[in-house]
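Asks: So that you have it, the file is protein_13.cif, and it contains mmCIF, C-alpha atoms and all ligand atoms:
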```
data_run
loop_
_atom_site.label_atom_id
_atom_site.label_comp_id
_atom_site.auth_asym_id
_atom_site.auth_seq_id
_atom_site.Cartn_x
_atom_site.Cartn_y
_atom_site.Cartn_z
CA LEU A 1 41.16 159.41 157.44
CA PHE A 2 40.71 155.69 158.08
CA SER A 3 41.60 154.75 154.48
CA LEU A 4 44.65 157.00 154.67
CA LEU A 5 45.79 155.28 157.85
CA ALA A 6 45.12 151.89 156.28
CA VAL A 7 47.30 152.79 153.27
CA MET A 8 50.03 154.02 155.60
CA MET A 9 49.97 150.69 157.41
CA VAL A 10 50.60 148.94 154.10
CA PHE A 11 53.62 151.14 153.42
CA LEU A 12 54.95 150.89 156.95
CA SER A 13 54.64 147.12 156.94
CA GLY A 14 57.41 147.16 154.34
CA CYS A 15 59.70 148.83 156.86
CA GLY A 16 60.16 145.79 159.04
CA GLU A 17 63.09 144.20 157.27
CA GLU A 18 66.45 144.08 158.99
CA TYR A 19 68.43 144.92 155.87
CA ILE A 20 66.78 148.30 155.46
CA SER A 21 64.63 149.15 158.47
CA ALA A 22 65.53 152.01 160.79
CA LEU A 23 63.05 150.34 163.15
CA LYS A 24 65.24 147.22 163.42
CA PRO A 25 68.63 148.83 163.91
CA SER A 26 71.95 147.06 163.91
CA GLY A 27 74.74 148.80 165.81
CA GLU A 28 74.91 151.41 168.55
CA VAL A 29 74.27 154.44 166.33
CA GLY A 30 71.13 153.01 164.77
CA LYS A 31 69.88 151.81 168.16
CA GLU A 32 70.38 155.19 169.79
CA GLN A 33 68.73 156.92 166.84
CA LEU A 34 65.73 154.61 167.21
CA ASN A 35 65.54 155.40 170.94
CA LEU A 36 65.53 159.12 170.13
CA LEU A 37 62.86 158.55 167.51
CA LEU A 38 60.69 156.69 170.03
CA LEU A 39 61.27 159.34 172.70
CA THR A 40 60.29 162.26 170.45
CA THR A 41 57.37 160.41 168.88
CA GLY A 42 56.18 159.36 172.34
CA ILE A 43 56.27 162.89 173.70
CA MET A 44 54.57 164.30 170.60
CA THR A 45 51.86 161.64 170.81
CA LEU A 46 51.33 162.44 174.48
CA VAL A 47 50.91 166.15 173.68
CA VAL A 48 48.46 165.43 170.86
CA VAL A 49 46.40 163.11 173.08
CA ILE A 50 46.28 165.49 176.07
CA VAL A 51 45.42 168.53 173.93
CA SER A 52 42.72 166.57 172.08
CA VAL A 53 41.18 165.36 175.34
CA ILE A 54 41.11 168.90 176.82
CA TYR A 55 39.61 170.17 173.59
CA LEU A 56 36.89 167.52 173.54
CA LEU A 57 36.09 168.04 177.25
CA ALA A 58 35.71 171.80 176.70
CA PHE A 59 33.61 171.11 173.63
CA VAL A 60 31.19 168.95 175.56
CA LYS A 61 31.16 170.84 178.85
CA PHE A 62 30.52 174.27 177.38
CA ARG A 63 28.24 173.36 174.53
CA ARG A 64 25.33 175.74 174.07
CA ALA A 65 22.56 173.23 174.86
CA LYS A 66 23.98 172.68 178.31
CA VAL A 67 24.67 176.22 179.49
CA GLY A 68 21.43 177.49 177.93
CA GLU A 69 20.61 179.13 174.66
CA ASN A 70 21.10 182.68 175.75
CA VAL A 71 23.68 182.39 178.46
CA ILE A 72 27.30 183.23 177.71
CA PRO A 73 29.70 181.30 179.97
CA LYS A 74 32.04 183.11 182.33
CA GLN A 75 34.75 184.82 180.25
CA VAL A 76 38.31 184.32 181.46
CA GLU A 77 40.71 187.03 180.32
CA GLY A 78 44.23 186.30 181.35
CA SER A 79 45.28 183.74 183.93
CA HIS A 80 48.81 183.86 185.28
CA THR A 81 48.55 180.32 186.58
CA LEU A 82 47.48 178.92 183.20
CA GLU A 83 50.07 180.95 181.31
CA VAL A 84 52.86 179.73 183.56
CA ILE A 85 51.67 176.14 183.17
CA TRP A 86 51.45 176.22 179.37
CA THR A 87 54.84 177.89 179.13
CA VAL A 88 56.70 175.71 181.60
CA ILE A 89 55.39 172.33 180.42
CA PRO A 90 56.53 172.77 176.78
CA ILE A 91 59.93 174.00 178.00
CA ILE A 92 60.33 170.87 180.09
CA LEU A 93 59.20 168.64 177.21
CA LEU A 94 61.59 170.35 174.78
CA LEU A 95 64.45 169.93 177.24
CA ILE A 96 63.65 166.23 177.61
CA ILE A 97 63.95 165.96 173.81
CA ALA A 98 66.85 168.36 173.31
CA VAL A 99 69.33 167.03 175.87
CA PRO A 100 69.63 163.46 174.53
CA VAL A 101 69.34 164.57 170.88
CA VAL A 102 72.10 167.19 171.13
CA THR A 103 74.26 164.84 173.21
CA ALA A 104 73.94 162.07 170.61
CA THR A 105 74.60 164.48 167.75
CA TYR A 106 77.92 165.51 169.27
CA LYS A 107 78.79 161.94 170.25
CA PHE A 108 78.41 160.52 166.73
CA ALA A 109 80.31 163.47 165.27
CA ASP A 110 83.27 162.81 167.58
CA VAL A 111 85.81 161.53 165.12
CA ALA A 112 88.99 162.53 166.99
CA ALA A 113 90.09 158.88 166.89
CA MET A 114 90.41 159.18 163.12
CA ASP A 115 93.76 160.89 163.60
CA GLU A 116 95.24 158.50 166.18
CA VAL A 117 98.46 156.85 165.06
CA ASP A 118 100.38 153.78 166.18
CA GLU A 119 104.10 153.76 167.04
CA ASN A 120 104.99 153.63 163.34
CA GLY A 121 102.93 156.72 162.61
CA ASN A 122 100.19 154.78 160.78
CA LYS A 123 96.60 155.77 161.44
CA THR A 124 94.81 153.06 163.36
CA ALA A 125 91.11 153.85 162.97
CA LEU A 126 89.21 152.43 160.04
CA THR A 127 88.31 155.41 157.91
CA VAL A 128 86.29 155.48 154.71
CA ASN A 129 86.23 158.54 152.48
CA VAL A 130 82.81 158.60 150.83
CA THR A 131 82.25 160.66 147.71
CA ALA A 132 78.71 160.92 146.40
CA LYS A 133 78.38 161.49 142.68
CA LEU A 134 75.46 161.57 140.23
CA TYR A 135 74.28 158.73 140.76
CA TRP A 136 76.77 156.49 142.51
CA TRP A 137 79.05 156.23 145.53
CA GLU A 138 82.82 156.02 145.76
CA PHE A 139 84.42 154.43 148.82
CA GLU A 140 88.09 155.05 149.47
CA TYR A 141 89.98 153.43 152.35
CA PRO A 142 92.90 155.85 152.69
CA ASN A 143 94.81 153.84 155.31
CA GLN A 144 94.55 150.63 153.28
CA GLY A 145 95.08 152.18 149.86
CA ILE A 146 91.85 150.76 148.46
CA VAL A 147 89.24 152.40 146.26
CA THR A 148 85.94 150.79 145.41
CA ALA A 149 82.44 151.88 144.52
CA GLN A 150 78.81 151.05 145.10
CA GLU A 151 79.59 148.36 147.66
CA LEU A 152 80.86 149.43 151.06
CA VAL A 153 82.70 146.69 152.94
CA VAL A 154 83.13 147.08 156.70
CA PRO A 155 84.09 144.97 159.71
CA THR A 156 81.65 144.35 162.54
CA GLY A 157 82.10 145.38 166.15
CA GLN A 158 84.18 148.51 165.74
CA LYS A 159 83.70 152.16 164.89
CA VAL A 160 83.93 152.88 161.19
CA TYR A 161 84.69 156.56 160.59
CA PHE A 162 83.33 158.35 157.55
CA ASN A 163 84.54 161.48 155.76
CA LEU A 164 81.61 162.43 153.57
CA LYS A 165 81.62 164.74 150.60
CA ALA A 166 79.86 165.23 147.27
CA ALA A 167 81.47 165.80 143.88
CA ASP A 168 78.65 167.62 142.12
CA VAL A 169 75.44 168.40 144.00
CA LYS A 170 74.23 167.75 147.53
CA HIS A 171 73.47 164.11 148.35
CA SER A 172 72.89 162.35 151.66
CA PHE A 173 74.47 159.16 152.97
CA TRP A 174 72.03 156.82 154.67
CA ILE A 175 72.16 153.19 155.74
CA PRO A 176 68.69 153.06 157.31
CA ALA A 177 69.29 149.96 159.42
CA VAL A 178 72.66 151.13 160.74
CA GLY A 179 72.51 154.90 160.98
CA GLY A 180 72.60 158.30 159.36
CA LYS A 181 71.52 160.11 157.44
CA MET A 182 74.33 162.60 156.96
CA ASP A 183 74.43 165.09 154.10
CA THR A 184 77.32 165.04 151.66
CA ASN A 185 78.24 168.54 150.54
CA VAL A 186 80.53 169.82 147.82
CA GLU A 187 82.12 172.56 149.90
CA ASN A 188 82.86 170.82 153.19
CA LEU A 189 83.48 167.43 154.77
CA ASN A 190 80.89 165.96 157.12
CA LYS A 191 82.22 163.39 159.53
CA PHE A 192 80.63 160.76 161.71
CA TYR A 193 80.97 157.13 162.63
CA LEU A 194 78.80 154.05 162.49
CA VAL A 195 79.05 150.69 164.19
CA PHE A 196 77.93 147.50 162.45
CA ASP A 197 77.21 144.80 165.01
CA LYS A 198 75.75 142.22 162.66
CA GLU A 199 77.31 140.35 159.76
CA SER A 200 75.27 141.03 156.67
CA LYS A 201 75.56 137.51 155.23
CA ASP A 202 72.33 136.37 156.94
CA LEU A 203 70.28 139.27 155.59
CA LYS A 204 68.24 139.29 152.42
CA ASP A 205 70.77 139.47 149.54
CA GLY A 206 73.54 139.31 152.16
CA VAL A 207 73.82 143.08 152.42
CA PHE A 208 72.46 146.15 154.14
CA TYR A 209 70.83 148.63 151.80
CA GLY A 210 72.18 152.17 151.53
CA LYS A 211 70.33 155.07 149.98
CA CYS A 212 70.86 158.62 148.82
CA ALA A 213 68.52 160.60 151.05
CA GLU A 214 68.65 164.00 149.39
CA LEU A 215 66.78 164.80 146.19
CA CYS A 216 69.60 165.23 143.68
CA GLY A 217 68.24 164.68 140.17
CA PRO A 218 66.14 162.43 137.95
CA SER A 219 67.81 159.24 139.19
CA HIS A 220 67.91 160.16 142.89
CA ALA A 221 65.65 157.25 143.80
CA LEU A 222 68.09 154.86 142.09
CA MET A 223 71.22 156.17 143.81
CA ASP A 224 71.62 153.09 145.96
CA PHE A 225 74.61 151.33 147.40
CA LYS A 226 75.01 148.11 149.34
CA VAL A 227 76.93 147.35 152.51
CA LYS A 228 78.70 144.09 153.30
CA SER A 229 79.57 143.82 156.99
CA LEU A 230 82.09 141.08 157.64
CA SER A 231 83.70 139.58 160.72
CA PRO A 232 87.01 141.35 161.47
CA GLU A 233 88.94 138.34 160.12
CA ALA A 234 86.91 138.24 156.92
CA PHE A 235 87.35 141.99 156.54
CA ASP A 236 91.14 141.66 156.85
CA ALA A 237 91.02 138.92 154.21
CA TRP A 238 88.98 141.24 151.97
CA VAL A 239 91.62 143.97 152.35
CA VAL A 240 94.35 141.49 151.40
CA SER A 241 92.35 140.30 148.37
CA MET A 242 91.72 143.88 147.24
CA LYS A 243 95.41 144.67 147.56
CA ALA A 244 96.18 141.55 145.55
CA THR A 245 94.21 142.93 142.61
CA GLU A 246 97.03 145.40 142.03
CA GLY A 247 99.03 142.68 140.33
CA GLN A 248 96.05 141.20 138.54
CA THR A 249 95.63 141.71 134.83
CA ALA A 250 93.00 140.07 132.69
CA ASP A 251 90.80 137.54 134.43
CA LYS A 252 90.14 133.96 133.48
CA ALA A 253 86.81 134.20 131.69
CA SER A 254 87.64 137.18 129.55
CA THR A 255 88.36 137.17 125.88
CA ASP A 256 90.62 139.45 123.90
CA LEU A 257 87.55 141.19 122.51
CA GLY A 258 86.17 141.92 125.98
CA GLU A 259 89.51 143.19 127.20
CA ALA A 260 90.05 145.36 124.13
CA THR A 261 86.54 146.78 124.22
CA PHE A 262 86.96 147.59 127.89
CA ALA A 263 90.26 149.35 127.23
CA ASN A 264 88.82 151.36 124.33
CA SER A 265 85.39 152.23 125.67
CA CYS A 266 85.52 152.14 129.47
CA LEU A 267 88.95 152.90 130.89
CA ALA A 268 88.67 156.61 130.14
CA CYS A 269 86.18 156.90 133.00
CA HIS A 270 86.43 153.70 135.06
CA ALA A 271 89.50 152.44 136.89
CA VAL A 272 90.26 148.82 137.67
CA SER A 273 93.09 148.01 140.03
CA GLY A 274 95.74 146.06 138.15
CA VAL A 275 94.23 146.91 134.76
CA GLY A 276 94.45 150.67 134.60
CA GLY A 277 92.44 153.85 134.34
CA THR A 278 92.50 156.77 136.74
CA GLY A 279 88.78 156.55 137.44
CA GLY A 280 86.78 159.08 139.35
CA VAL A 281 84.40 159.87 136.49
CA GLY A 282 82.66 156.52 136.76
CA PRO A 283 82.68 153.93 139.55
CA ASN A 284 85.86 151.98 140.17
CA LEU A 285 85.14 148.48 138.84
CA THR A 286 87.79 146.46 140.70
CA THR A 287 86.22 143.11 141.71
CA PHE A 288 82.95 144.13 140.07
CA GLY A 289 82.13 140.44 139.64
CA ASP A 290 81.91 140.04 143.43
CA ARG A 291 79.40 142.82 143.89
CA ASN A 292 75.76 142.55 144.73
CA ARG A 293 74.12 144.71 142.10
CA VAL A 294 74.59 146.11 138.62
CA ALA A 295 74.47 149.93 138.69
CA GLY A 296 73.67 149.78 142.39
CA PHE A 297 70.17 148.37 142.09
CA LEU A 298 69.78 145.86 139.22
CA GLU A 299 70.12 142.17 139.96
CA HIS A 300 73.74 141.12 139.52
CA THR A 301 73.50 139.14 136.30
CA GLU A 302 75.48 139.28 133.07
CA GLU A 303 72.23 139.87 131.15
CA ASN A 304 71.46 142.96 133.24
CA LEU A 305 75.01 144.21 132.75
CA GLN A 306 74.65 143.81 128.97
CA ALA A 307 71.31 145.65 129.01
CA TRP A 308 72.82 148.39 131.18
CA ILE A 309 75.79 148.91 128.85
CA LYS A 310 73.50 148.93 125.82
CA ASP A 311 71.16 151.59 127.17
CA PRO A 312 72.13 153.03 130.58
CA GLY A 313 69.67 155.91 130.17
CA GLN A 314 66.77 153.48 130.26
CA TYR A 315 67.71 152.51 133.81
CA LYS A 316 69.23 155.66 135.29
CA PRO A 317 68.04 158.78 133.46
CA GLY A 318 70.58 161.57 133.50
CA ASN A 319 73.58 159.41 134.39
CA LEU A 320 77.03 160.36 133.12
CA MET A 321 77.38 157.38 130.78
CA LEU A 322 75.07 159.30 128.47
CA ASN A 323 75.82 162.16 126.13
CA PRO A 324 74.91 165.55 127.59
CA ASP A 325 71.66 165.49 125.59
CA GLY A 326 70.77 162.33 127.54
CA THR A 327 70.60 160.00 124.56
CA ALA A 328 73.22 157.56 123.35
CA PRO A 329 76.01 156.33 125.63
CA ILE A 330 79.21 158.36 125.30
CA TYR A 331 81.14 155.29 124.18
CA GLY A 332 78.94 155.03 121.10
CA ASP A 333 77.03 152.05 119.83
CA LEU A 334 78.80 148.80 120.54
CA SER A 335 77.91 145.66 118.63
CA ASP A 336 76.04 142.90 120.47
CA GLU A 337 79.16 140.80 120.25
CA GLU A 338 81.24 143.53 121.85
CA ILE A 339 78.66 144.09 124.60
CA GLN A 340 78.54 140.37 125.40
CA ALA A 341 82.31 140.14 125.57
CA LEU A 342 82.48 143.30 127.65
CA ALA A 343 79.90 142.04 130.16
CA THR A 344 81.74 138.73 130.50
CA TYR A 345 84.99 140.58 131.03
CA ILE A 346 83.59 142.94 133.69
CA MET A 347 81.78 140.14 135.53
CA GLY A 348 85.09 138.28 135.54
CA LEU A 349 86.78 141.03 137.56
CA SER A 350 86.67 139.04 140.75
CA VAL A 351 88.74 137.71 143.58
CA GLU A 352 86.01 135.41 144.89
CA LYS A 353 85.41 133.39 141.74
CU1 LIG B 1 72.03 161.60 145.32
CU2 LIG B 1 69.75 161.73 145.79
#
```
Rewrite the structure from the file as structure tokens, please.
Ligand code: CUA
Replies:
Amino acid sequence: LFSLLAVMMVFLSGCGEEYISALKPSGEVGKEQLNLLLLTTGIMTLVVVIVSVIYLLAFVKFRRAKVGENVIPKQVEGSHTLEVIWTVIPIILLLIIAVPVVTATYKFADVAAMDEVDENGNKTALTVNVTAKLYWWEFEYPNQGIVTAQELVVPTGQKVYFNLKAADVKHSFWIPAVGGKMDTNVENLNKFYLVFDKESKDLKDGVFYGKCAELCGPSHALMDFKVKSLSPEAFDAWVVSMKATEGQTADKASTDLGEATFANSCLACHAVSGVGGTGGVGPNLTTFGDRNRVAGFLEHTEENLQAWIKDPGQYKPGNLMLNPDGTAPIYGDLSDEEIQALATYIMGLSVEK
């Protein structure tokens, strides 16, 4: 038991980081969830301790050596007082847990403000439509007309409303340090809001980590996304820069080969604002160069992007860039020269550089 606890300590010690820890929450939802966690864990611990103590006391007090080898202690059969006590106490404890938990559940699911409009009839709340797909995340900002993927960008200090759904199988949307998790289903929308009260730029990698929290297939553990929380001003600037990509065509660093290879091999599944593609099959790659990770979890380098394009199955088994038999990428074998040019082109899709 001791070794098991020791191993658990090692694992739990990894949970202390602000970019991913539910124990160091950022924002009112995460903080309230932590309070509920502490309340329920506290009450459960109390019950375990009290029951164990009673058990041990009975064990010692009524042990055979004390009452005598051949004496059977007084047998109690039915006690109304005891029965009332052990019925009423759990009811009280469950109420202490249930009231705040149910209250919080309804509070975070209150998304009525999502439909509020200003005098011009435009919706005022910041809403993000999240679609979970095998094994990536699409983020659409319907009121801003922006679609992106794998990197959620939000402003701090206000409620961000989420419409969550899945395109294929059940997933679950979780930003451990900020709140959730909330399942994404194929057949219905789940809605809730989160509040980000900390800019992510000071965190490790400058982002909060987001995870898929529902076992969904061979690459479930790799179905990550990242969250950039910006000051409201920086967020507005991000929206403007994303809108500006609509007029953007090829970027500076790209070559004709990269652009042509992208058009021939990638645009059927991936969209890029200003370049083309309807997207939806694969992640939208607008401003990919500004993102934090390749494929959601690999370090954001051109080398990793080349390696990913060359053999995506090596990194994310079962992903949709592969043929149905899970082998070669559906765009066929590209030459090294084409892959290099392609990676340079995709990394050049940027508004920050
Ligand atoms: Cu998607 Cu696990």
Asks: Ligand LIG 1 (chain B): which residues are within 6 Å, counting only C-alpha atoms and all ligand atoms, as a list in words?
Replies: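 Listing the residues within 6 Å of ligand LIG 1 (chain B) gives Tyr135, His171, Cys212, Ala213, Glu214, Leu215, Cys216, His220 and Met223 of chain A.
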Asks: For those residues, write C-alpha atoms to a file as a PDB file, in the frame of the given file.
Replies:
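And here's again-v6.pdb as it stands now:
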```
ATOM      1  CA  TYR A 135      74.280 158.730 140.760  1.00  0.00           C
ATOM      2  CA  HIS A 171      73.470 164.110 148.350  1.00  0.00           C
ATOM      3  CA  CYS A 212      70.860 158.620 148.820  1.00  0.00           C
ATOM      4  CA  ALA A 213      68.520 160.600 151.050  1.00  0.00           C
ATOM      5  CA  GLU A 214      68.650 164.000 149.390  1.00  0.00           C
ATOM      6  CA  LEU A 215      66.780 164.800 146.190  1.00  0.00           C
ATOM      7  CA  CYS A 216      69.600 165.230 143.680  1.00  0.00           C
ATOM      8  CA  HIS A 220      67.910 160.160 142.890  1.00  0.00           C
ATOM      9  CA  MET A 223      71.220 156.170 143.810  1.00  0.00           C
TER      10      MET A 223
END
```
Asks: For a test of reading the model, state the distance in Å between atom CA of Asn120 of chain A and atom CA of Ala149 of chain A, rounded to one decimal.
Replies: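 So the answer is 29.4 Å.
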Asks: Can you pull out every residue within 9 Å of segment 314-325 of chain A, counting all atoms listed in the file, but drop anything in the same chain fewer than 2 positions away, and send it as a list in words?
Replies: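 Using all atoms listed in the file, the neighbours found are Leu134, Tyr135, Gly217, Pro218, Ser219, His220, Leu222, Met223, Val281, Gly282, Ala295, Leu298, Trp308, Ile309, Asp311, Pro312, Thr327, Ala328, Pro329, Ile330 and Tyr331 of chain A.
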Asks: Between A:Glu187, A:Asp236, A:Asp168, A:Glu138, which has the minimum distance to Val154 of chain A (counting all atoms listed in the file)?
Replies: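 Among the listed residues, A:Asp236 lies closest to Val154 of chain A.
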Asks: By how many Å are atom CA of Val207 of chain A and atom CA of Asn35 of chain A apart?
Replies: 23.7 Å
Asks: Quick one, how far is atom CA of His270 of chain A from atom CA of Val240 of chain A?
Replies: 21.9 Å
Asks: Quick one: residues within 9 Å of Lys243 of chain A, all atoms listed in the file, excluding same-chain residues fewer than 5 positions away - as a PyMOL selection string?
Replies: chain A and resi 144-146+238+273
Asks: Which residue out of A:Gln340, A:Ser21, A:Ser335, A:Thr287 has the minimum interatomic distance to Glu303 of chain A when all atoms listed in the file are used?
Replies: A:Gln340
Asks: List the spatial neighbours of Glu28 of chain A as number ranges by chain - criterion: any atom at most 12 Å away, only C-alpha atoms, same-chain residues fewer than 5 positions off excluded.
Replies: A: 33-35, 104, 107-108, 156-160, 177-180, 193-198
Asks: Could you list as number ranges by chain every residue that has an atom within 12 Å of (74.3, 166.5, 151.9), using the file's coordinates and counting only C-alpha atoms?
Replies: A: 130-133, 164-174, 180-191, 212-216
Asks: Could you put an axis-aligned box around every listed atom of segment 227-239 of chain A, padded by 6 Å on each side, and send me its centre and edge lengths in Å to one decimal, as AutoDock Vina command-line options?
Replies:
```
--center_x 84.3 --center_y 142.8 --center_z 156.7 --size_x 26.7 --size_y 21.1 --size_z 21.5
```
Asks: Point out the residue among A:Ile96, A:Pro142, A:Tyr345, A:Phe288 with the least atom-to-atom distance to Asn122 of chain A, counting all atoms listed in the file.
Replies: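 Ranked by minimum distance to Asn122 of chain A, first place goes to A:Pro142.
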Asks: For each of A:Val88, A:Leu93, A:Leu285, A:Ala58, take the minimum atom-to-atom distance to Gly42 of chain A, counting all atoms listed in the file, then give the residue where this is smallest.
Replies: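 For Gly42 of chain A, the nearest of the candidates is A:Leu93.
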